[in-house]
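What follows is the content of coords23.cif (mmCIF, C-alpha atoms).
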```cif
data_work
loop_
_atom_site.label_atom_id
_atom_site.label_comp_id
_atom_site.auth_asym_id
_atom_site.auth_seq_id
_atom_site.Cartn_x
_atom_site.Cartn_y
_atom_site.Cartn_z
CA MET A 1338 4.61 23.19 48.49
CA ASN A 1339 0.81 23.00 48.93
CA ASN A 1340 0.01 25.86 46.56
CA SER A 1341 -2.70 24.94 44.07
CA LEU A 1342 -3.25 26.34 40.61
CA SER A 1343 -5.65 29.26 40.56
CA GLN A 1344 -6.50 28.79 36.88
CA HIS A 1345 -8.09 25.89 34.98
CA GLY A 1346 -5.10 23.62 35.39
CA GLN A 1347 -4.42 23.85 31.66
CA LEU A 1348 -0.80 24.85 31.09
CA SER A 1349 0.20 26.78 28.00
CA ASP A 1350 2.99 24.29 27.36
CA GLY A 1351 1.21 21.45 25.55
CA ALA A 1352 4.10 19.07 26.17
CA THR A 1353 3.52 19.26 29.96
CA ARG A 1354 -0.22 19.62 29.90
CA PHE A 1355 -0.88 16.29 31.58
CA MET A 1356 0.90 14.98 34.65
CA GLN A 1357 1.15 11.26 34.04
CA SER A 1358 2.15 9.09 36.98
CA GLN A 1359 4.92 6.54 36.61
CA ASN A 1360 2.35 3.76 36.47
CA VAL A 1361 -0.38 4.97 34.15
CA SER A 1362 -2.23 1.67 34.43
CA ARG A 1363 -2.87 2.32 38.18
CA THR A 1364 -3.33 6.07 38.71
CA MET A 1365 -4.68 9.16 36.97
CA SER A 1366 -3.57 12.72 37.72
CA SER A 1367 -6.00 15.25 39.16
CA ARG A 1368 -4.81 17.63 36.45
CA GLU A 1369 -5.92 15.23 33.75
CA ILE A 1370 -9.29 14.79 35.46
CA ALA A 1371 -9.67 18.59 35.54
CA ASP A 1372 -8.97 18.77 31.83
CA LEU A 1373 -11.34 15.92 30.94
CA THR A 1374 -14.21 17.38 32.96
CA GLY A 1375 -13.53 21.02 32.09
CA LYS A 1376 -13.21 21.97 35.76
CA ARG A 1377 -10.67 24.27 37.39
CA HIS A 1378 -7.84 22.32 38.96
CA ASP A 1379 -8.11 24.19 42.26
CA ASN A 1380 -11.83 23.24 42.45
CA VAL A 1381 -10.96 19.62 41.71
CA MET A 1382 -8.38 19.72 44.51
CA GLN A 1383 -10.98 21.06 46.96
CA VAL A 1384 -13.30 18.14 46.22
CA ILE A 1385 -10.42 15.66 46.52
CA ARG A 1386 -9.41 17.04 49.92
CA SER A 1387 -13.04 16.86 51.03
CA LEU A 1388 -13.24 13.21 50.00
CA ALA A 1389 -9.93 12.50 51.72
CA ALA A 1390 -11.12 14.21 54.91
CA ASP A 1391 -14.27 12.08 54.88
CA GLN A 1392 -12.03 9.02 54.39
CA ILE A 1393 -13.79 8.16 51.16
CA LEU A 1394 -10.55 7.85 49.20
CA THR A 1395 -8.48 4.68 49.42
CA PRO A 1396 -4.79 4.56 50.38
CA GLU A 1397 -3.95 3.86 46.73
CA SER A 1398 -4.59 7.54 45.96
CA GLN A 1399 -1.87 9.88 47.19
CA GLU A 1400 -1.21 13.59 47.22
CA SER A 1401 1.83 14.57 45.16
CA SER A 1402 3.25 17.66 43.46
CA PHE A 1403 4.57 18.90 40.14
CA ASP A 1404 6.84 21.70 39.03
CA HIS A 1405 5.83 24.29 36.47
CA ARG A 1406 8.01 27.26 35.49
CA GLY A 1407 9.93 27.16 38.71
CA ASN A 1408 6.88 26.83 40.99
CA THR A 1409 5.73 23.75 42.87
CA TYR A 1410 2.02 22.89 42.90
CA ALA A 1411 0.01 20.24 44.69
CA CYS A 1412 -1.91 17.55 42.84
CA TRP A 1413 -3.25 14.05 43.43
CA ASP A 1414 -2.68 10.72 41.76
CA LEU A 1415 -5.92 8.79 42.01
CA CYS A 1416 -6.57 5.10 41.52
CA LYS A 1417 -9.31 4.00 39.16
CA ARG A 1418 -11.92 3.60 41.88
CA ASP A 1419 -11.26 6.99 43.44
CA SER A 1420 -11.12 8.82 40.12
CA LEU A 1421 -14.61 7.53 39.29
CA VAL A 1422 -15.88 8.57 42.73
CA LEU A 1423 -14.38 12.02 42.25
CA VAL A 1424 -15.89 12.53 38.79
CA ALA A 1425 -19.29 11.36 40.01
CA ARG A 1426 -19.06 14.09 42.68
CA LEU A 1427 -17.74 16.75 40.29
CA SER A 1428 -19.99 16.21 37.33
CA PRO A 1429 -21.76 12.92 36.66
CA GLU A 1430 -22.19 13.65 32.95
CA PHE A 1431 -18.41 13.43 32.47
CA THR A 1432 -18.03 10.02 34.12
CA ALA A 1433 -18.09 8.29 30.71
CA ARG A 1434 -15.04 10.30 29.59
CA ILE A 1435 -13.06 9.10 32.57
CA VAL A 1436 -14.16 5.49 31.97
CA ASP A 1437 -13.05 5.79 28.33
CA ARG A 1438 -9.72 7.26 29.39
CA TRP A 1439 -9.14 4.40 31.84
CA MET A 1440 -9.87 1.88 29.11
CA GLU A 1441 -7.34 3.67 26.88
CA LEU A 1442 -4.69 3.65 29.60
CA GLU A 1443 -5.25 -0.02 30.38
CA SER A 1444 -5.20 -0.98 26.71
CA HIS A 1445 -1.54 0.09 26.57
CA GLN A 1446 -0.83 -2.55 29.19
CA ALA A 1447 -2.85 -5.26 27.42
CA ILE A 1448 -0.62 -6.02 24.45
CA ALA A 1449 -1.00 -9.79 24.17
CA LEU A 1450 1.96 -11.91 23.17
CA PRO A 1451 1.22 -14.76 20.77
CA SER A 1452 0.95 -18.22 22.23
CA TYR A 1453 3.50 -20.90 21.38
CA ALA A 1454 1.08 -22.43 18.88
CA GLU A 1455 0.38 -19.02 17.29
CA ALA A 1456 4.11 -18.31 17.07
CA LEU A 1457 4.65 -21.62 15.29
CA ARG A 1458 1.80 -20.81 12.91
CA LEU A 1459 3.28 -17.38 12.15
CA TYR A 1460 6.67 -18.97 11.54
CA ALA A 1461 5.14 -21.59 9.25
CA ASP A 1462 3.25 -18.88 7.33
CA GLN A 1463 6.47 -16.95 6.87
CA ILE A 1464 8.23 -20.04 5.53
CA GLU A 1465 5.30 -20.71 3.18
CA GLN A 1466 5.32 -17.12 1.90
CA THR A 1467 9.06 -17.32 1.33
CA ALA A 1468 8.62 -20.56 -0.62
CA VAL A 1469 5.85 -19.01 -2.75
CA LEU A 1470 8.04 -15.99 -3.53
CA ARG A 1471 10.91 -18.29 -4.46
CA VAL A 1472 8.67 -20.21 -6.89
CA GLU A 1473 7.28 -16.97 -8.35
CA ASN A 1474 10.79 -15.61 -8.82
CA TYR A 1475 11.87 -18.86 -10.48
CA GLN A 1476 8.87 -18.81 -12.80
CA GLN A 1477 9.55 -15.18 -13.66
CA ALA A 1478 13.18 -16.00 -14.41
CA GLU A 1479 12.05 -18.91 -16.62
CA LYS A 1480 9.61 -16.64 -18.43
CA ILE A 1481 12.30 -14.02 -19.09
CA ALA A 1482 14.75 -16.68 -20.29
CA SER A 1483 12.06 -18.19 -22.52
CA LEU A 1484 11.20 -14.81 -24.02
CA GLU A 1485 14.85 -14.07 -24.69
CA SER A 1486 15.16 -17.39 -26.49
CA ILE A 1487 12.40 -16.57 -28.97
CA PHE A 1488 12.79 -12.82 -29.30
CA GLN A 1489 15.33 -11.44 -31.72
CA VAL A 1490 16.13 -7.81 -32.43
CA GLY A 1491 14.58 -6.71 -35.71
CA MET A 1492 11.56 -9.01 -35.53
CA THR A 1493 8.16 -7.87 -36.70
CA PRO A 1494 5.17 -8.64 -34.45
CA THR A 1495 4.02 -11.29 -36.92
CA GLN A 1496 7.42 -13.01 -36.92
CA PHE A 1497 7.39 -13.10 -33.12
CA CYS A 1498 3.86 -14.51 -32.98
CA LYS A 1499 4.88 -17.31 -35.37
CA ARG A 1500 6.85 -18.68 -32.42
CA LEU A 1501 3.80 -18.76 -30.16
CA ASN A 1502 1.88 -21.99 -30.54
CA GLY A 1503 -1.67 -21.53 -31.84
CA VAL A 1504 -1.59 -17.83 -32.74
CA ASN A 1505 -3.33 -16.94 -35.98
CA CYS A 1506 -0.51 -14.84 -37.43
CA GLN A 1507 -2.63 -13.66 -40.36
CA GLN A 1508 -4.80 -11.77 -37.89
CA VAL A 1509 -2.02 -10.31 -35.70
CA ASN A 1510 -1.91 -6.99 -37.53
CA ASN A 1511 -5.69 -6.63 -37.16
CA ALA A 1512 -5.30 -7.19 -33.42
CA LEU A 1513 -2.58 -4.52 -33.27
CA LEU A 1514 -4.77 -2.15 -35.26
CA ALA A 1515 -7.56 -2.65 -32.70
CA ARG A 1516 -5.10 -1.83 -29.89
CA ARG A 1517 -3.80 1.19 -31.85
CA TRP A 1518 -0.26 -0.10 -31.83
CA ILE A 1519 -0.25 0.44 -35.61
CA PHE A 1520 -2.36 2.24 -38.19
CA ASN A 1521 -2.84 1.98 -41.95
CA SER A 1522 -1.31 5.03 -43.65
CA GLU A 1523 -2.61 3.97 -47.10
CA ARG A 1524 -5.67 6.03 -47.99
CA ASP A 1525 -6.52 4.15 -51.16
CA GLU A 1526 -8.63 1.16 -50.16
CA LYS A 1527 -7.73 -0.63 -53.39
CA ARG A 1528 -4.04 -0.73 -52.50
CA SER A 1529 -2.26 -2.93 -49.97
CA ALA A 1530 -2.09 -1.68 -46.38
CA LYS A 1531 0.93 0.34 -45.31
CA TYR A 1532 1.32 -0.10 -41.58
CA ARG A 1533 2.93 2.59 -39.45
CA VAL A 1534 3.56 2.60 -35.69
CA GLY A 1535 0.91 4.38 -33.62
CA SER A 1536 1.88 7.11 -31.14
CA GLN A 1537 0.90 5.15 -28.03
CA ALA A 1538 3.15 2.21 -28.99
CA ARG A 1539 6.02 4.15 -30.56
CA ASP A 1540 9.36 3.65 -28.79
CA LYS A 1541 7.57 1.64 -26.11
CA TYR A 1542 6.42 -1.51 -27.85
CA LEU A 1543 7.36 -0.84 -31.46
CA THR A 1544 9.76 1.12 -33.59
CA GLU A 1545 10.00 1.56 -37.35
CA LYS A 1546 12.49 0.33 -39.88
CA VAL A 1547 12.69 2.61 -42.92
CA THR A 1548 13.75 1.16 -46.27
CA THR A 1549 14.07 3.17 -49.47
CA ILE A 1550 12.42 1.41 -52.43
CA SER A 1551 13.80 2.21 -55.86
CA ASN A 1552 12.11 0.75 -58.92
CA GLU A 1553 12.79 1.58 -62.55
CA GLY A 1554 10.50 4.28 -63.79
CA VAL A 1555 9.27 5.10 -60.27
CA ASP A 1556 10.58 7.76 -57.93
CA PRO A 1557 12.22 6.29 -54.79
CA PHE A 1558 9.88 6.10 -51.82
CA PRO A 1559 10.29 5.02 -48.18
CA LYS A 1560 8.82 1.79 -46.88
CA TYR A 1561 8.03 1.62 -43.16
CA THR A 1562 8.08 -1.69 -41.30
CA PRO A 1563 6.91 -1.92 -37.66
CA ILE A 1564 9.64 -3.62 -35.61
CA LEU A 1565 9.00 -5.20 -32.23
CA LEU A 1566 10.89 -3.93 -29.17
CA LYS A 1567 11.67 -6.10 -26.16
CA GLU A 1568 8.89 -4.55 -24.05
CA GLY A 1569 6.52 -5.14 -26.94
CA ALA A 1570 7.52 -8.82 -27.02
CA LYS A 1571 6.81 -9.07 -23.28
CA ARG A 1572 3.41 -7.46 -23.74
CA LEU A 1573 2.51 -9.70 -26.69
CA HIS A 1574 3.48 -12.74 -24.64
CA GLU A 1575 1.26 -11.55 -21.77
CA LEU A 1576 -1.64 -11.13 -24.20
CA TYR A 1577 -0.92 -14.60 -25.57
CA MET A 1578 -1.04 -16.18 -22.11
CA ALA A 1579 -4.29 -14.29 -21.40
CA GLN A 1580 -5.76 -15.63 -24.68
CA LYS A 1581 -6.18 -12.10 -26.00
CA LEU A 1582 -4.43 -12.73 -29.32
CA PRO A 1583 -6.28 -14.18 -32.31
CA MET A 1584 -5.94 -17.97 -32.11
CA LYS A 1585 -6.35 -20.64 -34.79
CA LYS A 1586 -9.47 -22.79 -34.72
CA THR A 1587 -7.17 -25.80 -34.77
CA TRP A 1588 -5.23 -24.64 -31.68
CA ASP A 1589 -4.56 -27.56 -29.32
CA GLY A 1590 -4.89 -25.36 -26.20
CA GLN A 1591 -1.22 -25.66 -25.32
CA PHE A 1592 0.76 -22.51 -24.45
CA CYS A 1593 4.22 -23.21 -25.74
CA HIS A 1594 6.88 -21.88 -28.10
CA CYS A 1595 7.63 -23.12 -31.57
CA LYS A 1596 10.95 -23.11 -33.33
CA ALA A 1597 11.08 -20.59 -36.12
CA THR A 1598 12.53 -21.41 -39.51
CA GLU A 1599 14.61 -19.09 -41.63
CA GLU A 1600 11.57 -18.72 -43.85
CA ASP A 1601 9.51 -17.50 -40.88
CA LEU A 1602 12.08 -14.85 -40.06
CA GLY A 1603 12.67 -13.83 -43.66
#
```
Would you mind writing the structure in this file as structure tokens?
Amino acid sequence: MNNSLSQHGQLSDGATRFMQSQNVSRTMSSREIADLTGKRHDNVMQVIRSLAADQILTPESQESSFDHRGNTYACWDLCKRDSLVLVARLSPEFTARIVDRWMELESHQAIALPSYAEALRLYADQIEQTAVLRVENYQQAEKIASLESIFQVGMTPTQFCKRLNGVNCQQVNNALLARRWIFNSERDEKRSAKYRVGSQARDKYLTEKVTTISNEGVDPFPKYTPILLKEGAKRLHELYMAQKLPMKKTWDGQFCHCKATEEDLG
């Protein structure tokens, strides 16, 4: 029963390395002290028994035992005061480690519950956050509904922008060229531009409508028209709201949608 460990007190089984008492906020095991100070557990026990014999230890510290691989060994559970006395006797330079360990143990017992006023504040914050999310969700739903009301399948970017108040539609293609959504496939500068969809916007923001042009005396040739996809409409609307589309000098500063005429969509 009173056998002590002859080695360093460091068990090979890491899961049982430390012998924690049932009330870690009040006692610390002699085995843990041995590990923290790098001392042999049997040497630590000798010093503890010497302190106990000299009646230096308080009644709060008690001798106990632990089982390891079928054997029973003696150990001590020391209160905070006695553990500091012991470490000062064993090796004063390690006293700080024990103090730090006690602060760690006691911190687990110092989880503060919020006061009634703090709880009310937390509850009010939660309600406020919920209300903000509800407004944001409503605004997002309105935005989606608004976009769906002005976007039609088969629209060109210019036709879509004609429904956005203040956009200079004559400059929309130049803006898309700058963003590499489209490029001019016509090499002859004297001829009109022939816009094609760029690789970074293809099938994401834009697609192409191909029409075969047949004129008398001229071989048939394909005509490519960039067509706006739904994600492209969303992105154009975001650029519009961020004032990153070309705007008319006469723009009244209002972000709103305009009704399109048949001529606009033709």
Selection near Arg1434 in chain A, 8 Å with all atoms listed in the file, sequence-local residues under 3 positions removed, as a VMD selection string: chain A and resid 1373 to 1374 1431 1437 to 1438
Go ahead and save the picked residues with C-alpha atoms, as a tab-separated table (two decimals), keeping the file's coordinate frame.
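What follows is the written file selection_1.tsv:
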```tsv
chain	number	residue	atom	x	y	z
A	1373	LEU	CA	-11.34	15.92	30.94
A	1374	THR	CA	-14.21	17.38	32.96
A	1431	PHE	CA	-18.41	13.43	32.47
A	1437	ASP	CA	-13.05	5.79	28.33
A	1438	ARG	CA	-9.72	7.26	29.39
```
For the file shown, report as a list of chain:residue names the outcome of the PyMOL selection byres ((chain A and resi 1407-1415) around 6) at residue level.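 On the file shown, the PyMOL selection byres ((chain A and resi 1407-1415) around 6) covers A:Met1338, A:Asn1339, A:Asn1340, A:Ser1341, A:Thr1364, A:Met1365, A:Ser1366, A:Ser1367, A:Ser1398, A:Gln1399, A:Glu1400, A:Ser1401, A:Ser1402, A:Phe1403, A:Asp1404, A:His1405, A:Arg1406, A:Cys1416, A:Asp1419, A:Ser1420.
A straight line drawn from CA of Val1490 in chain A to CA of Arg1572 in chain A is 15.4 Å long.
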Distance in Å - CA of Ile1370 in chain A versus CA of Leu1442 in chain A: 13.4 Å
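Minimum distance to Lys1376 in chain A across A:Lys1417, A:Thr1587, A:Leu1582, A:Val1424 (counting all atoms listed in the file) occurs at A:Val1424.
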Could you tell me, as a ChimeraX atom specification, which residues have any atom at most 10 Å from (-4.0, -3.5, -43.8), counting all atoms listed in the file? /A:1510-1511,1514,1519-1523,1526,1528-1532
Which residues would end up in the selection if the PyMOL selection byres ((chain A and resi 1592) around 12) were applied here, given that I need the answer as a list of chain:residue names? A:Arg1500, A:Leu1501, A:Asn1502, A:Gly1503, A:Val1504, A:His1574, A:Glu1575, A:Leu1576, A:Tyr1577, A:Met1578, A:Ala1579, A:Gln1580, A:Met1584, A:Trp1588, A:Asp1589, A:Gly1590, A:Gln1591, A:Cys1593, A:His1594, A:Cys1595
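Counting from CA of Thr1562 in chain A, the distance to CA of Leu1543 in chain A is 9.9 Å.
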For the structure shown, which residues end up in the PyMOL selection byres ((chain A and resi 1557-1559) around 12)? Put them as a list in words, please? Lys1531, Arg1533, Glu1545, Lys1546, Val1547, Thr1548, Thr1549, Ile1550, Ser1551, Asn1552, Glu1553, Gly1554, Val1555, Asp1556, Lys1560, Tyr1561 and Thr1562 of chain A
What would the list of residues within 9 Å of (6.4, 3.7, -32.2) (file frame) look like as JSON, numbers by chain, if all atoms listed in the file are what count? {"A": [1518, 1519, 1533, 1534, 1535, 1536, 1537, 1538, 1539, 1540, 1541, 1542, 1543, 1544, 1545, 1563, 1564]}
Could you add N, CA and C atoms to range 1410-1435 of chain A and give me the result as a compact mmCIF listing (two decimals), in the coordinates of the input?
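Done, and the output landed in result_34.txt:
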```
# COMPACT_ATOMS: atom_id res chain seq x y z
N TYR A 1410 3.45 22.91 42.65
CA TYR A 1410 2.02 22.89 42.90
C TYR A 1410 1.61 21.50 43.39
N ALA A 1411 0.54 21.51 44.17
CA ALA A 1411 0.01 20.24 44.69
C ALA A 1411 -0.92 19.60 43.67
N CYS A 1412 -0.95 18.29 43.66
CA CYS A 1412 -1.91 17.55 42.84
C CYS A 1412 -2.12 16.19 43.49
N TRP A 1413 -3.00 15.39 42.92
CA TRP A 1413 -3.25 14.05 43.43
C TRP A 1413 -3.13 13.04 42.29
N ASP A 1414 -2.66 11.86 42.67
CA ASP A 1414 -2.68 10.72 41.76
C ASP A 1414 -3.71 9.74 42.30
N LEU A 1415 -4.79 9.57 41.53
CA LEU A 1415 -5.92 8.79 42.01
C LEU A 1415 -5.99 7.43 41.33
N CYS A 1416 -6.35 6.42 42.10
CA CYS A 1416 -6.57 5.10 41.52
C CYS A 1416 -7.87 5.12 40.72
N LYS A 1417 -8.14 4.05 40.02
CA LYS A 1417 -9.31 4.00 39.16
C LYS A 1417 -10.59 4.20 39.95
N ARG A 1418 -10.71 3.51 41.06
CA ARG A 1418 -11.92 3.60 41.88
C ARG A 1418 -12.16 5.01 42.36
N ASP A 1419 -11.10 5.66 42.89
CA ASP A 1419 -11.26 6.99 43.44
C ASP A 1419 -11.48 8.04 42.36
N SER A 1420 -10.89 7.84 41.19
CA SER A 1420 -11.12 8.82 40.12
C SER A 1420 -12.58 8.80 39.69
N LEU A 1421 -13.20 7.62 39.66
CA LEU A 1421 -14.61 7.53 39.29
C LEU A 1421 -15.50 8.15 40.36
N VAL A 1422 -15.14 7.94 41.63
CA VAL A 1422 -15.88 8.57 42.73
C VAL A 1422 -15.79 10.09 42.63
N LEU A 1423 -14.59 10.57 42.36
CA LEU A 1423 -14.38 12.02 42.25
C LEU A 1423 -15.20 12.62 41.12
N VAL A 1424 -15.17 11.98 39.94
CA VAL A 1424 -15.89 12.53 38.79
C VAL A 1424 -17.39 12.48 39.02
N ALA A 1425 -17.87 11.43 39.69
CA ALA A 1425 -19.29 11.36 40.01
C ALA A 1425 -19.70 12.51 40.92
N ARG A 1426 -18.80 12.95 41.80
CA ARG A 1426 -19.06 14.09 42.68
C ARG A 1426 -18.96 15.41 41.91
N LEU A 1427 -17.95 15.51 41.03
CA LEU A 1427 -17.74 16.75 40.29
C LEU A 1427 -18.83 17.00 39.26
N SER A 1428 -19.03 16.04 38.40
CA SER A 1428 -19.99 16.21 37.33
C SER A 1428 -20.30 14.85 36.73
N PRO A 1429 -21.41 14.27 37.09
CA PRO A 1429 -21.76 12.92 36.66
C PRO A 1429 -21.78 12.73 35.14
N GLU A 1430 -22.10 13.81 34.40
CA GLU A 1430 -22.19 13.65 32.95
C GLU A 1430 -20.84 13.39 32.30
N PHE A 1431 -19.74 13.65 33.04
CA PHE A 1431 -18.41 13.43 32.47
C PHE A 1431 -17.81 12.09 32.91
N THR A 1432 -18.56 11.31 33.65
CA THR A 1432 -18.03 10.02 34.12
C THR A 1432 -17.62 9.12 32.96
N ALA A 1433 -18.40 9.14 31.87
CA ALA A 1433 -18.09 8.29 30.71
C ALA A 1433 -16.74 8.64 30.12
N ARG A 1434 -16.34 9.92 30.12
CA ARG A 1434 -15.04 10.30 29.59
C ARG A 1434 -13.92 9.68 30.40
N ILE A 1435 -14.09 9.68 31.71
CA ILE A 1435 -13.06 9.10 32.57
C ILE A 1435 -12.97 7.59 32.36
```
